[in-house]
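Undergrad: Below you'll find work-v4.json; it's JSON, C-alpha atoms.
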```
[["chain", "number", "residue", "atom", "x", "y", "z"],
["A", 15, "MET", "CA", -47.77, 123.62, -2.35],
["A", 16, "ASN", "CA", -46.02, 122.74, -5.59],
["A", 17, "LEU", "CA", -45.00, 119.16, -6.39],
["A", 18, "PHE", "CA", -42.10, 118.09, -8.59],
["A", 19, "VAL", "CA", -41.63, 114.43, -9.55],
["A", 20, "PHE", "CA", -38.49, 113.04, -11.13],
["A", 21, "GLY", "CA", -39.67, 109.95, -13.00],
["A", 22, "LEU", "CA", -43.43, 109.85, -13.59],
["A", 23, "GLY", "CA", -43.70, 106.07, -13.49],
["A", 24, "PHE", "CA", -46.43, 103.76, -12.19],
["A", 25, "SER", "CA", -46.26, 104.64, -8.49],
["A", 26, "ALA", "CA", -45.32, 108.31, -8.82],
["A", 27, "ARG", "CA", -48.06, 108.99, -11.34],
["A", 28, "ARG", "CA", -50.62, 107.31, -9.11],
["A", 29, "PHE", "CA", -49.50, 109.47, -6.20],
["A", 30, "ALA", "CA", -49.64, 112.70, -8.21],
["A", 31, "GLU", "CA", -53.08, 111.87, -9.60],
["A", 32, "ARG", "CA", -54.61, 110.70, -6.32],
["A", 33, "GLU", "CA", -53.18, 113.60, -4.31],
["A", 34, "ARG", "CA", -53.66, 116.26, -7.00],
["A", 35, "ALA", "CA", -55.91, 118.40, -4.80],
["A", 36, "ARG", "CA", -53.03, 118.99, -2.37],
["A", 37, "PHE", "CA", -50.97, 120.88, -4.91],
["A", 38, "ASP", "CA", -51.26, 124.14, -6.78],
["A", 39, "THR", "CA", -48.93, 122.87, -9.50],
["A", 40, "VAL", "CA", -47.67, 119.41, -10.44],
["A", 41, "ARG", "CA", -44.53, 119.15, -12.53],
["A", 42, "ALA", "CA", -42.88, 115.89, -13.50],
["A", 43, "THR", "CA", -40.32, 114.33, -15.79],
["A", 44, "VAL", "CA", -40.12, 111.45, -18.24],
["A", 45, "THR", "CA", -37.09, 110.34, -20.23],
["A", 46, "GLU", "CA", -38.54, 110.71, -23.75],
["A", 47, "PRO", "CA", -39.37, 114.21, -25.06],
["A", 48, "GLU", "CA", -42.17, 112.87, -27.25],
["A", 49, "ARG", "CA", -43.75, 111.15, -24.24],
["A", 50, "ALA", "CA", -43.72, 114.39, -22.25],
["A", 51, "GLY", "CA", -46.32, 116.02, -24.48],
["A", 52, "SER", "CA", -48.71, 113.08, -24.48],
["A", 53, "LEU", "CA", -48.48, 112.64, -20.71],
["A", 54, "ALA", "CA", -49.12, 116.33, -20.16],
["A", 55, "ALA", "CA", -52.31, 116.02, -22.20],
["A", 56, "GLU", "CA", -53.39, 112.88, -20.32],
["A", 57, "THR", "CA", -52.71, 114.15, -16.80],
["A", 58, "GLY", "CA", -52.90, 117.93, -16.89],
["A", 59, "PHE", "CA", -49.44, 118.07, -15.31],
["A", 60, "ILE", "CA", -46.48, 120.06, -16.61],
["A", 61, "VAL", "CA", -44.20, 117.34, -17.93],
["A", 62, "ARG", "CA", -40.52, 117.89, -18.73],
["A", 63, "ALA", "CA", -38.02, 115.66, -20.50],
["A", 64, "PHE", "CA", -35.16, 114.48, -18.29],
["A", 65, "GLY", "CA", -32.88, 111.53, -18.84],
["A", 66, "PRO", "CA", -29.40, 110.44, -19.88],
["A", 67, "GLU", "CA", -29.70, 112.31, -23.19],
["A", 68, "THR", "CA", -32.27, 114.98, -22.32],
["A", 69, "ASP", "CA", -32.57, 117.83, -19.85],
["A", 70, "ASP", "CA", -35.32, 120.43, -20.12],
["A", 71, "PRO", "CA", -33.79, 123.84, -19.29],
["A", 72, "CYS", "CA", -36.91, 124.80, -17.27],
["A", 73, "ILE", "CA", -36.28, 122.17, -14.58],
["A", 74, "ALA", "CA", -33.88, 124.28, -12.50],
["A", 75, "ASP", "CA", -36.37, 127.17, -12.36],
["A", 76, "ASN", "CA", -39.19, 124.77, -11.48],
["A", 77, "LEU", "CA", -37.21, 123.36, -8.56],
["A", 78, "ALA", "CA", -36.75, 126.84, -7.10],
["A", 79, "ASP", "CA", -40.43, 127.14, -6.17],
["A", 80, "THR", "CA", -41.07, 123.45, -5.42],
["A", 81, "ASP", "CA", -42.23, 122.45, -1.93],
["A", 82, "ILE", "CA", -42.57, 118.66, -2.25],
["A", 83, "LEU", "CA", -40.04, 116.64, -4.25],
["A", 84, "LEU", "CA", -40.55, 112.96, -5.12],
["A", 85, "ILE", "CA", -37.75, 110.99, -6.77],
["A", 86, "SER", "CA", -38.88, 107.88, -8.58],
["A", 87, "ALA", "CA", -36.26, 107.88, -11.35],
["A", 88, "PRO", "CA", -33.84, 104.94, -11.10],
["A", 89, "PRO", "CA", -30.11, 105.53, -10.75],
["A", 90, "GLY", "CA", -27.92, 105.68, -13.82],
["A", 91, "GLN", "CA", -24.73, 103.71, -14.33],
["A", 92, "ASP", "CA", -22.74, 106.42, -12.56],
["A", 93, "GLY", "CA", -25.14, 107.07, -9.69],
["A", 94, "ASP", "CA", -28.14, 109.31, -9.28],
["A", 95, "THR", "CA", -28.65, 111.58, -12.27],
["A", 96, "VAL", "CA", -30.91, 113.94, -10.33],
["A", 97, "LEU", "CA", -28.25, 114.63, -7.70],
["A", 98, "ALA", "CA", -25.52, 114.84, -10.33],
["A", 99, "ARG", "CA", -27.32, 117.63, -12.17],
["A", 100, "TYR", "CA", -29.50, 119.36, -9.60],
["A", 101, "ARG", "CA", -27.99, 118.89, -6.14],
["A", 102, "ASP", "CA", -27.13, 122.57, -5.79],
["A", 103, "ALA", "CA", -30.48, 123.74, -7.14],
["A", 104, "ILE", "CA", -32.32, 121.47, -4.68],
["A", 105, "ALA", "CA", -30.11, 122.56, -1.79],
["A", 106, "LYS", "CA", -30.86, 126.23, -2.49],
["A", 107, "SER", "CA", -34.58, 125.75, -3.11],
["A", 108, "ARG", "CA", -37.49, 126.11, -0.68],
["A", 109, "ILE", "CA", -38.19, 122.36, -0.88],
["A", 110, "ARG", "CA", -39.20, 121.12, 2.57],
["A", 111, "TRP", "CA", -39.99, 117.43, 1.95],
["A", 112, "ILE", "CA", -38.08, 114.99, -0.23],
["A", 113, "GLY", "CA", -39.12, 111.40, -0.79],
["A", 114, "TYR", "CA", -36.86, 108.86, -2.48],
["A", 115, "LEU", "CA", -38.48, 105.65, -3.75],
["A", 116, "SER", "CA", -36.09, 102.75, -3.24],
["A", 117, "THR", "CA", -36.48, 98.99, -2.90],
["A", 118, "ILE", "CA", -36.39, 96.31, -0.22],
["A", 119, "GLY", "CA", -33.76, 94.71, -2.46],
["A", 120, "VAL", "CA", -31.14, 96.72, -0.56],
["A", 121, "TYR", "CA", -31.51, 94.28, 2.37],
["A", 122, "GLY", "CA", -30.20, 91.37, 0.32],
["A", 123, "ASP", "CA", -30.93, 87.75, 1.27],
["A", 124, "HIS", "CA", -31.97, 86.74, 4.79],
["A", 125, "GLY", "CA", -32.94, 83.13, 4.22],
["A", 126, "GLY", "CA", -36.66, 83.79, 4.70],
["A", 127, "ALA", "CA", -36.22, 85.46, 8.12],
["A", 128, "TRP", "CA", -38.25, 88.46, 9.28],
["A", 129, "ILE", "CA", -36.48, 91.83, 8.99],
["A", 130, "ASP", "CA", -37.31, 95.49, 9.60],
["A", 131, "GLU", "CA", -35.72, 98.94, 9.20],
["A", 132, "THR", "CA", -33.14, 98.16, 11.90],
["A", 133, "THR", "CA", -31.75, 95.26, 9.85],
["A", 134, "PRO", "CA", -28.45, 96.20, 8.17],
["A", 135, "ALA", "CA", -28.71, 96.59, 4.41],
["A", 136, "THR", "CA", -26.44, 94.02, 2.75],
["A", 137, "PRO", "CA", -27.37, 94.12, -0.94],
["A", 138, "LYS", "CA", -26.21, 91.26, -3.14],
["A", 139, "SER", "CA", -26.66, 92.59, -6.66],
["A", 140, "ALA", "CA", -24.85, 95.53, -8.22],
["A", 141, "ARG", "CA", -28.27, 97.02, -8.92],
["A", 142, "SER", "CA", -29.23, 97.00, -5.24],
["A", 143, "ARG", "CA", -25.80, 98.21, -4.13],
["A", 144, "GLY", "CA", -26.30, 101.19, -6.43],
["A", 145, "ARG", "CA", -29.68, 101.85, -4.86],
["A", 146, "LEU", "CA", -28.21, 101.86, -1.37],
["A", 147, "GLU", "CA", -25.50, 104.30, -2.43],
["A", 148, "VAL", "CA", -28.13, 106.65, -3.82],
["A", 149, "GLU", "CA", -30.24, 106.35, -0.66],
["A", 150, "ASN", "CA", -27.22, 107.41, 1.37],
["A", 151, "ALA", "CA", -26.50, 110.31, -0.97],
["A", 152, "TRP", "CA", -30.02, 111.69, -0.58],
["A", 153, "LEU", "CA", -29.91, 111.25, 3.19],
["A", 154, "ALA", "CA", -26.57, 113.07, 3.25],
["A", 155, "LEU", "CA", -28.12, 115.97, 1.32],
["A", 156, "GLY", "CA", -30.88, 116.15, 3.91],
["A", 157, "ALA", "CA", -28.40, 116.15, 6.79],
["A", 158, "GLU", "CA", -26.35, 118.87, 5.12],
["A", 159, "THR", "CA", -29.25, 121.18, 4.20],
["A", 160, "GLY", "CA", -31.76, 120.49, 6.97],
["A", 161, "LYS", "CA", -34.37, 119.37, 4.46],
["A", 162, "ALA", "CA", -36.60, 116.44, 5.45],
["A", 163, "VAL", "CA", -35.39, 113.55, 3.28],
["A", 164, "GLN", "CA", -37.22, 110.24, 3.65],
["A", 165, "VAL", "CA", -36.41, 106.93, 1.96],
["A", 166, "PHE", "CA", -39.23, 104.52, 1.10],
["A", 167, "ARG", "CA", -38.16, 100.93, 0.46],
["A", 168, "LEU", "CA", -40.89, 99.39, -1.68],
["A", 169, "SER", "CA", -41.68, 95.72, -2.12],
["A", 170, "GLY", "CA", -43.20, 94.23, -5.29],
["A", 171, "ILE", "CA", -45.67, 96.81, -6.62],
["A", 172, "TYR", "CA", -49.03, 95.92, -8.10],
["A", 173, "GLY", "CA", -52.26, 97.73, -8.88],
["A", 174, "PRO", "CA", -54.66, 98.55, -11.73],
["A", 175, "GLY", "CA", -53.18, 97.40, -15.03],
["A", 176, "ARG", "CA", -50.12, 95.85, -13.39],
["A", 177, "ASN", "CA", -50.92, 92.70, -11.45],
["A", 178, "PRO", "CA", -51.07, 88.88, -11.60],
["A", 179, "ILE", "CA", -54.55, 88.93, -13.14],
["A", 180, "VAL", "CA", -53.34, 90.94, -16.12],
["A", 181, "LYS", "CA", -50.43, 88.55, -16.57],
["A", 182, "LEU", "CA", -52.74, 85.54, -16.44],
["A", 183, "ARG", "CA", -55.14, 87.08, -18.94],
["A", 184, "GLU", "CA", -52.31, 87.89, -21.34],
["A", 185, "GLY", "CA", -50.59, 84.53, -20.86],
["A", 186, "ARG", "CA", -47.44, 86.19, -19.54],
["A", 187, "THR", "CA", -47.04, 84.38, -16.24],
["A", 188, "GLN", "CA", -45.31, 81.23, -15.09],
["A", 189, "ARG", "CA", -46.18, 79.31, -11.90],
["A", 190, "ILE", "CA", -42.63, 78.94, -10.67],
["A", 191, "VAL", "CA", -42.07, 76.89, -7.54],
["A", 192, "LYS", "CA", -39.02, 77.27, -5.35],
["A", 193, "PRO", "CA", -39.52, 75.64, -1.94],
["A", 194, "GLY", "CA", -39.46, 78.14, 0.91],
["A", 195, "GLN", "CA", -39.42, 81.19, -1.36],
["A", 196, "VAL", "CA", -41.63, 84.13, -0.40],
["A", 197, "PHE", "CA", -42.01, 87.72, -1.58],
["A", 198, "ASN", "CA", -43.64, 90.78, -0.07],
["A", 199, "ARG", "CA", -45.94, 92.95, -2.18],
["A", 200, "ILE", "CA", -47.57, 96.36, -1.93],
["A", 201, "HIS", "CA", -50.62, 97.81, -3.66],
["A", 202, "VAL", "CA", -49.84, 101.13, -5.34],
["A", 203, "ASP", "CA", -52.62, 102.89, -3.41],
["A", 204, "ASP", "CA", -50.96, 101.92, -0.12],
["A", 205, "ILE", "CA", -47.77, 103.53, -1.42],
["A", 206, "VAL", "CA", -49.79, 106.69, -2.09],
["A", 207, "ALA", "CA", -51.23, 106.61, 1.43],
["A", 208, "THR", "CA", -47.77, 106.21, 2.96],
["A", 209, "LEU", "CA", -46.28, 109.12, 1.01],
["A", 210, "ALA", "CA", -49.23, 111.35, 1.90],
["A", 211, "ALA", "CA", -48.89, 110.45, 5.59],
["A", 212, "SER", "CA", -45.17, 111.24, 5.52],
["A", 213, "ILE", "CA", -45.80, 114.69, 4.05],
["A", 214, "GLU", "CA", -48.06, 115.37, 7.01],
["A", 215, "ARG", "CA", -45.48, 113.95, 9.47],
["A", 216, "PRO", "CA", -42.02, 114.51, 8.01],
["A", 217, "ARG", "CA", -39.03, 113.01, 9.83],
["A", 218, "PRO", "CA", -35.63, 113.95, 8.43],
["A", 219, "GLY", "CA", -33.51, 110.89, 7.74],
["A", 220, "ALA", "CA", -36.37, 108.40, 8.04],
["A", 221, "VAL", "CA", -36.26, 105.05, 6.23],
["A", 222, "TYR", "CA", -39.55, 103.16, 5.84],
["A", 223, "ASN", "CA", -40.41, 99.70, 4.57],
["A", 224, "VAL", "CA", -43.54, 100.04, 2.42],
["A", 225, "THR", "CA", -44.91, 96.55, 2.16],
["A", 226, "ASP", "CA", -47.89, 94.35, 2.97],
["A", 227, "ASP", "CA", -48.49, 92.20, 6.04],
["A", 228, "GLU", "CA", -48.11, 88.75, 4.50],
["A", 229, "PRO", "CA", -45.14, 87.65, 2.41],
["A", 230, "ALA", "CA", -46.25, 84.72, 0.29],
["A", 231, "PRO", "CA", -44.93, 82.25, -2.29],
["A", 232, "PRO", "CA", -45.38, 83.62, -5.82],
["A", 233, "GLN", "CA", -47.24, 80.51, -7.02],
["A", 234, "THR", "CA", -49.79, 80.94, -4.22],
["A", 235, "VAL", "CA", -50.62, 84.43, -5.44],
["A", 236, "THR", "CA", -50.96, 83.21, -9.03],
["A", 237, "GLU", "CA", -53.25, 80.40, -7.91],
["A", 238, "HIS", "CA", -55.43, 82.83, -5.97],
["A", 239, "ALA", "CA", -55.69, 85.16, -8.97],
["A", 240, "ALA", "CA", -56.77, 82.25, -11.16],
["A", 241, "ALA", "CA", -59.36, 81.12, -8.61],
["A", 242, "LEU", "CA", -60.87, 84.62, -8.39],
["A", 243, "THR", "CA", -61.17, 85.08, -12.13],
["A", 244, "GLY", "CA", -61.60, 81.59, -13.54],
["A", 245, "LEU", "CA", -58.61, 82.14, -15.81],
["A", 246, "PRO", "CA", -56.52, 79.11, -16.78],
["A", 247, "LEU", "CA", -53.78, 78.28, -14.31],
["A", 248, "PRO", "CA", -50.38, 77.65, -15.91],
["A", 249, "PRO", "CA", -48.59, 74.44, -14.97],
["A", 250, "GLU", "CA", -46.07, 74.37, -12.16],
["A", 251, "ILE", "CA", -42.45, 74.83, -13.21],
["A", 252, "ASP", "CA", -39.50, 73.99, -11.02],
["A", 253, "PHE", "CA", -37.34, 77.04, -10.41],
["A", 254, "GLU", "CA", -34.16, 75.22, -11.41],
["A", 255, "THR", "CA", -35.49, 74.52, -14.92],
["A", 256, "ALA", "CA", -37.58, 77.69, -15.39],
["A", 257, "ASP", "CA", -36.87, 79.93, -18.38],
["A", 258, "LEU", "CA", -36.07, 83.19, -16.57],
["A", 259, "SER", "CA", -34.05, 86.25, -17.47],
["A", 260, "PRO", "CA", -30.94, 86.84, -15.35],
["A", 261, "MET", "CA", -32.70, 89.71, -13.57],
["A", 262, "ALA", "CA", -35.82, 87.67, -12.82],
["A", 263, "ARG", "CA", -33.68, 84.78, -11.55],
["A", 264, "SER", "CA", -31.76, 87.15, -9.29],
["A", 265, "PHE", "CA", -34.97, 88.07, -7.46],
["A", 266, "TYR", "CA", -35.32, 84.44, -6.37],
["A", 267, "GLY", "CA", -31.82, 84.58, -4.91],
["A", 268, "GLU", "CA", -33.14, 86.84, -2.13],
["A", 269, "ASN", "CA", -35.63, 85.49, 0.39],
["A", 270, "LYS", "CA", -36.92, 87.55, 3.31],
["A", 271, "ARG", "CA", -40.05, 88.54, 5.18],
["A", 272, "VAL", "CA", -40.24, 92.31, 5.59],
["A", 273, "ARG", "CA", -42.08, 94.01, 8.44],
["A", 274, "ASN", "CA", -44.06, 97.24, 7.93],
["A", 275, "ARG", "CA", -44.64, 98.16, 11.57],
["A", 276, "LEU", "CA", -42.93, 101.56, 11.32],
["A", 277, "ILE", "CA", -45.31, 103.05, 8.74],
["A", 278, "ARG", "CA", -48.25, 101.94, 10.87],
["A", 279, "GLU", "CA", -46.94, 103.08, 14.25],
["A", 280, "GLU", "CA", -45.14, 106.28, 13.21],
["A", 281, "LEU", "CA", -47.16, 107.49, 10.22],
["A", 282, "GLY", "CA", -50.52, 106.03, 11.18],
["A", 283, "VAL", "CA", -50.91, 104.18, 7.88],
["A", 284, "CYS", "CA", -53.74, 101.66, 7.77],
["A", 285, "LEU", "CA", -53.19, 99.50, 4.71],
["A", 286, "ALA", "CA", -56.22, 99.28, 2.44],
["A", 287, "TYR", "CA", -54.81, 96.01, 1.08],
["A", 288, "PRO", "CA", -52.89, 94.29, 3.89],
["A", 289, "THR", "CA", -52.47, 91.09, 1.88],
["A", 290, "TYR", "CA", -52.61, 90.03, -1.76],
["A", 291, "ARG", "CA", -56.10, 88.63, -1.15],
["A", 292, "GLU", "CA", -57.70, 92.03, -0.48],
["A", 293, "GLY", "CA", -55.71, 93.62, -3.28],
["A", 294, "LEU", "CA", -56.65, 91.07, -5.92],
["A", 295, "ALA", "CA", -60.30, 91.00, -4.81],
["A", 296, "ALA", "CA", -60.51, 94.79, -5.24],
["A", 297, "LEU", "CA", -58.98, 94.60, -8.71],
["A", 298, "VAL", "CA", -61.50, 91.96, -9.74],
["A", 299, "ALA", "CA", -64.38, 94.04, -8.34],
["A", 300, "ASP", "CA", -63.16, 97.13, -10.16],
["A", 301, "ALA", "CA", -62.85, 95.25, -13.43],
["A", 302, "ARG", "CA", -66.39, 93.86, -13.11],
["A", 303, "GLY", "CA", -67.71, 97.29, -12.18]]
```
Output the file's structure as structure tokens, nothing else.
TA:
Amino acid sequence: MNLFVFGLGFSARRFAERERARFDTVRATVTEPERAGSLAAETGFIVRAFGPETDDPCIADNLADTDILLISAPPGQDGDTVLARYRDAIAKSRIRWIGYLSTIGVYGDHGGAWIDETTPATPKSARSRGRLEVENAWLALGAETGKAVQVFRLSGIYGPGRNPIVKLREGRTQRIVKPGQVFNRIHVDDIVATLAASIERPRPGAVYNVTDDEPAPPQTVTEHAAALTGLPLPPEIDFETADLSPMARSFYGENKRVRNRLIREELGVCLAYPTYREGLAALVADARG
């Protein structure tokens, strides 16, 4: 099989590297042409430039003999750039599995209640509304062409090099307290496991929540990271007075507990890191090792 990835970011790169043995060829895109060369040297993948101002002319030919397509590139201001430029090429290709990485942000705010894939998506922000529109566009392509398109709604992603411990060590975290606020999280390796399981069991039109078992207050996770590492714990800051960017503040405007039962029951996924405790403990162990 040949893999093509639009947007070789944190999660997509981890998937391509961890599942490399599955594929004869791995091709991927990044937005900056100068970054394409360095990433190709680091990973051994064929890396193309693709973005608002760039478009490698080899991409269309590469898509023709792709079997597995993963879309991790975020939408542009006018919708999904991949579909805008390559919808016809994808429709005519031999691609049999398409995965679109989305976000649980499309559900909007549910006042801390439990939700699952049957819960209507009612996004609040323009960013999340755009995501939902792109989800629907990819699912429509699948329905039209008969290709197995799956949407994966990810919660807050963490893993090696991108986690609360790193933020504590670098002094980049705040212990913000907003009563009743919780967030779900997901370790990047559990995202990899879910995508791999879906390739083995494709279901056209499927939507999956990819998240952990235990939504938790953000300050609790920070406190646990500090306790594991002995790093200084920043003081508590009330949410109302916290110095947050508009985007960061908008995350706190949505409060929900997201169930992951479908990936377990349908895809057979057994999370390696079902809560932040297992995930942070493994990151500490790896760092010490």
Undergrad: Which residue is closest to A:Pro231? Choose from A:Gly126, A:Arg273, A:Thr255, A:Arg217 and count all atoms listed in the file.
TA: A:Gly126
Undergrad: With distances taken over only C-alpha atoms, which of A:Asp204, A:Asp252, A:Glu279, A:Glu228 is nearest to A:Phe29?
TA: A:Asp204
Undergrad: Calculate how many Å separate atom CA of A:Leu258 from atom CA of A:Pro229, rounding to one decimal.
TA: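 The value is 21.5 Å.
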Undergrad: With all atoms listed in the file counted and 12 Å as the cut-off, give the residues of stretch 78-142 of chain A in contact with stretch 56-65 of chain A, each with its shortest interatomic distance in Å and the pair that gives it, as a tab-separated table.
TA:
```
residue	atom	partner	partner_atom	distance
A:Ala87	CA	A:Gly65	CA	9.0
A:Pro88	CA	A:Gly65	CA	10.2
A:Pro89	CA	A:Gly65	CA	10.4
A:Gly90	CA	A:Gly65	CA	9.2
A:Asp94	CA	A:Gly65	CA	10.9
A:Thr95	CA	A:Gly65	CA	7.8
A:Val96	CA	A:Phe64	CA	9.0
A:Ala98	CA	A:Gly65	CA	11.7
A:Arg99	CA	A:Phe64	CA	10.4
A:Tyr100	CA	A:Phe64	CA	11.5
```
Undergrad: Keeping C-alpha atoms for every residue in the selection just given, could you write it to a file as a PDB file, in the frame of the given file?
TA:
```
ATOM      1  CA  ALA A  87     -36.260 107.880 -11.350  1.00  0.00           C
ATOM      2  CA  PRO A  88     -33.840 104.940 -11.100  1.00  0.00           C
ATOM      3  CA  PRO A  89     -30.110 105.530 -10.750  1.00  0.00           C
ATOM      4  CA  GLY A  90     -27.920 105.680 -13.820  1.00  0.00           C
ATOM      5  CA  ASP A  94     -28.140 109.310  -9.280  1.00  0.00           C
ATOM      6  CA  THR A  95     -28.650 111.580 -12.270  1.00  0.00           C
ATOM      7  CA  VAL A  96     -30.910 113.940 -10.330  1.00  0.00           C
ATOM      8  CA  ALA A  98     -25.520 114.840 -10.330  1.00  0.00           C
ATOM      9  CA  ARG A  99     -27.320 117.630 -12.170  1.00  0.00           C
ATOM     10  CA  TYR A 100     -29.500 119.360  -9.600  1.00  0.00           C
TER      11      TYR A 100
END
```
Undergrad: Quick one: of A:Gly93, A:Pro218, A:Gly23, A:Pro134, who's nearest to A:Leu155, counting all atoms listed in the file?
TA: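 Going through A:Gly93, A:Pro218, A:Gly23, A:Pro134 one by one, the smallest distance to A:Leu155 is for A:Pro218.
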Undergrad: With all atoms listed in the file as the basis for distance, which of A:Gly113, A:Pro193, A:Pro248, A:Pro137 is at the shortest distance from A:Ile213?
TA: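 Checking each of A:Gly113, A:Pro193, A:Pro248, A:Pro137 against A:Ile213, counting all atoms listed in the file, the winner is A:Gly113.
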Undergrad: Please report the interatomic distance between atom CA of A:Ile104 and atom CA of A:Leu77 in Å with one decimal.
TA: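 Those two atoms sit 6.5 Å apart.
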Undergrad: Between atom CA of A:Met15 and atom CA of A:Tyr287, what is the spacing in Å?
TA: 28.7 Å
